[in-house]
Each structure stands twice: as C-alpha cells, then as structure tokens.
Amino acid sequence: MMCRIGGAVVLACVASVMAAHAQNAADSFADGANGAKVHSASSFVCPQQIGRFERDAVGERDPQTGADFCAYSALDGVYGTVTLVPLRGAYDPKAMLAPDFVVQEGTGGRMVDETTQLLRQKTASLSVYMRTYETTRLETLHYRILFASAAVGPWAVQVTIEYADPRDADKQADFLNAVYGEAMAKIAGAAIPAPASP
C-alpha cells in the first residue's frame with residue numbers, strides 16, 4: 001500500500017509495519033468460524049469483514065505491553081485498526097494513547113475534537129474516550145484520524161480509524177460501533193470502568 005507523503009502517519013503504513021509482526025498471530029489468535037480470528041487471551045473476535053471493511057492482518061503489536069492488533073481496510077481508502085491491550089493498573093486512555101498523539105502533532109496533525117461518548121448496545125452501554133486529528137484538507141473533504149479507547153473488563157480496546165469527513169462518516173461510525181459491540185459481547189471480565197474526563 002502507498003503512503004501519503006507530507007501528511008500524518010497513514011494507517012495503511014502502520015498496518016504494513018504491524019504485518020511484520022503477524023507471524024506471531026498463531027500465538028495470539030486462533031482460527032474461528034467463517035475466516036474469523038479469535039484473540040486467544042480476551043476472546044475478542046476479529047471477523048474477516050466488518051461492514052465494508054476487510055481484515056488485512058492480525059498479530060502482535062507490542063510484546064512489552066502484550067498488545068495485539070487486527071487491521072482492516074475499505075476499498076475507498078478508509079483504514080481501521082483494533083488494538084487489544086491488557087490493563088495492568090489504572091485505566092487512563094489519554095496516557096495510553098499519548099504516543100499516538102505525539103506522532104500526529106509532530107507531523108502537523110491538528111486536534112479537532114476530544115470527547116467521551118456513551119455507546120449504547122443492545123444489553124449495555126460503554127464509555128469511550130475519543131480524540132480526532134485533522135491531517136489535511138482537500139476541497140470539501142477533511143482527512144482525519146480518530147483515536148478511541150475504552151476499558152472492557154481487563155482489556156483496553158483501542159480503535160484507530162483514518163477516514164475522509166464527511167464522505168466516510170457513516171463507515172467510521174459503523175466500524176466503531178461494530179468493534180465495541182463485539183468487545184462488550186465477547187470480552188469477559190470485571191465491570192467496565194469509565195474513562196477519565198477529557
């Protein structure tokens with residue numbers, strides 16, 4: 001995949017780098033039904049497709065923290081990555097995502113939104129911390145990267161989506177809701193703590 005030059009770090013590039021760690025997928029993921037990959041430690045399911053997104057890779061993201069990932073892409077250049085990080089202390093989404101924020105700000109990304117939203121699913125609700133950066137603008141499209149994080153039992157479930165607003169707003173929302181719906185359905189554990197206020 002090609003990377004945009006002069007813009008923020010593109011998730012396609014991140015996914016290709018993370019794919020180098022995909023050889024460890026056998027340790028972190030097991031085969032599931034219909035081509036899905038099941039995260040062995042958390043039971044989170046990374047399906048072959050999430051809406052219009054196709055799974056590109058699964059694997060180990062950071063052996064020091066025990067983080068694993070599933071990377072997805074859609075045909076029109078929308079990229080999504082799910083990262084599962086075991087919680088080993090107090091949950092602080094801003095601190096956990098701080099390295100990503102530093103990269104965005106260092107490459108000219110401008111923060112355009114920061115909020116905590118309550119995502120409602122059929123049986124429960126989940127507080128999700130979100131921060132959005134705008135990386136560039138072209139005519140009527142705003143190219144953005146959304147970072148989201150929520151604690152689900154003993155795991156931090158982080159979602160990163162690169163998309164063009166307003167063209168891809170529905171895809172971004174669908175991906176986010178599908179991932180956190182799956183996390184609430186499959187990850188067993190303690191009560192879900194609310195993230196710190198922005």
# chains A, B, ... in the order shown; residues from 1 in each chain; ligands from 1
>>> residues_around(residues="segment 31-40 of chain A", least_positions_apart="5", cutoff="10 Å", atoms="only C-alpha atoms", output="list of chain:residue names")
A:Ala25, A:Ala26, A:Val45, A:Cys46, A:Pro47, A:Gln48, A:Gln49, A:Arg55, A:Ala57, A:Val58, A:Gly59, A:Asp68, A:Phe69, A:Cys70, A:Leu84, A:Lys186, A:Ile187
>>> write_last_selection(atoms="N, CA, C and O atoms", output="short mmCIF file (atom, residue, chain, number, x, y, z; two decimals), in the first residue's frame")
data_model
loop_
_atom_site.label_atom_id
_atom_site.label_comp_id
_atom_site.auth_asym_id
_atom_site.auth_seq_id
_atom_site.Cartn_x
_atom_site.Cartn_y
_atom_site.Cartn_z
N ALA A 25 0.91 -14.22 15.06
CA ALA A 25 -0.54 -14.34 15.15
C ALA A 25 -0.96 -15.71 15.66
O ALA A 25 -1.96 -15.85 16.35
N ALA A 26 -0.19 -16.74 15.33
CA ALA A 26 -0.54 -18.09 15.78
C ALA A 26 -0.53 -18.18 17.29
O ALA A 26 -1.29 -18.94 17.88
N VAL A 45 -13.32 -11.33 18.87
CA VAL A 45 -13.33 -11.92 17.53
C VAL A 45 -13.06 -10.84 16.49
O VAL A 45 -13.73 -9.81 16.46
N CYS A 46 -12.06 -11.09 15.65
CA CYS A 46 -11.75 -10.22 14.51
C CYS A 46 -12.31 -10.92 13.27
O CYS A 46 -11.65 -11.80 12.72
N PRO A 47 -13.51 -10.55 12.84
CA PRO A 47 -14.10 -11.24 11.68
C PRO A 47 -13.35 -10.90 10.39
O PRO A 47 -12.58 -9.94 10.34
N GLN A 48 -13.60 -11.69 9.36
CA GLN A 48 -12.99 -11.41 8.06
C GLN A 48 -13.47 -10.06 7.53
O GLN A 48 -12.72 -9.32 6.90
N GLN A 49 -14.73 -9.72 7.81
CA GLN A 49 -15.29 -8.45 7.38
C GLN A 49 -16.02 -7.77 8.53
O GLN A 49 -16.66 -8.43 9.34
N ARG A 55 -10.50 -7.57 6.64
CA ARG A 55 -9.34 -7.72 7.52
C ARG A 55 -8.08 -7.94 6.68
O ARG A 55 -8.06 -8.77 5.79
N ALA A 57 -4.74 -8.01 8.35
CA ALA A 57 -3.73 -8.71 9.15
C ALA A 57 -4.16 -8.76 10.61
O ALA A 57 -4.97 -7.94 11.07
N VAL A 58 -3.61 -9.73 11.32
CA VAL A 58 -3.71 -9.79 12.79
C VAL A 58 -2.32 -10.14 13.30
O VAL A 58 -1.52 -10.73 12.59
N GLY A 59 -2.04 -9.77 14.53
CA GLY A 59 -0.74 -10.13 15.08
C GLY A 59 -0.41 -9.40 16.37
O GLY A 59 -1.27 -8.77 16.98
N ASP A 68 -2.00 -6.69 21.06
CA ASP A 68 -2.20 -7.36 19.79
C ASP A 68 -3.14 -6.52 18.93
O ASP A 68 -3.82 -5.63 19.44
N PHE A 69 -3.19 -6.80 17.62
CA PHE A 69 -3.98 -5.96 16.73
C PHE A 69 -4.69 -6.76 15.65
O PHE A 69 -4.31 -7.87 15.31
N CYS A 70 -5.75 -6.13 15.10
CA CYS A 70 -6.42 -6.56 13.87
C CYS A 70 -6.48 -5.33 12.99
O CYS A 70 -6.95 -4.28 13.44
N LEU A 84 -5.77 -4.47 21.16
CA LEU A 84 -6.18 -5.01 22.46
C LEU A 84 -4.97 -4.96 23.39
O LEU A 84 -3.95 -5.57 23.10
N LYS A 186 -18.01 -10.22 23.80
CA LYS A 186 -17.08 -11.34 23.89
C LYS A 186 -16.04 -11.26 24.98
O LYS A 186 -15.52 -12.28 25.42
N ILE A 187 -15.66 -10.06 25.40
CA ILE A 187 -14.59 -9.98 26.40
C ILE A 187 -15.20 -10.11 27.78
O ILE A 187 -15.99 -9.28 28.22
#
>>> residues_around(residues="Leu87 of chain A", least_positions_apart="2", cutoff="7 Å", atoms="only C-alpha atoms", output="PyMOL selection string")
chain A and resi 85+89+91+154-156
>>> atom_distance(atom1="atom CA of Thr83 of chain A", atom2="atom CA of Tyr143 of chain A")
21.5 Å
>>> atom_distance(atom1="atom CA of Asp100 of chain A", atom2="atom CA of Thr65 of chain A")
15.1 Å
>>> select_by_dssp(residues="segment 93-142 of chain A", states="strand (DSSP E)", output="ChimeraX atom specification")
/A:110-120,125-138,141-142
>>> closest_residue(among="A:Asp56, A:Glu162, A:Asp62, A:Glu105", to="Leu176 of chain A", atoms="only C-alpha atoms")
A:Glu162
>>> atom_distance(atom1="atom CA of Tyr72 of chain A", atom2="atom CA of Arg144 of chain A")
16.3 Å
>>> closest_residue(among="A:Asp27, A:Asp92, A:Glu60, A:Glu134", to="Ala164 of chain A", atoms="only C-alpha atoms")
A:Glu134
>>> closest_residue(among="A:Ala71, A:Gly77, A:Phe44, A:Pro63", to="Arg167 of chain A", atoms="only C-alpha atoms")
A:Gly77
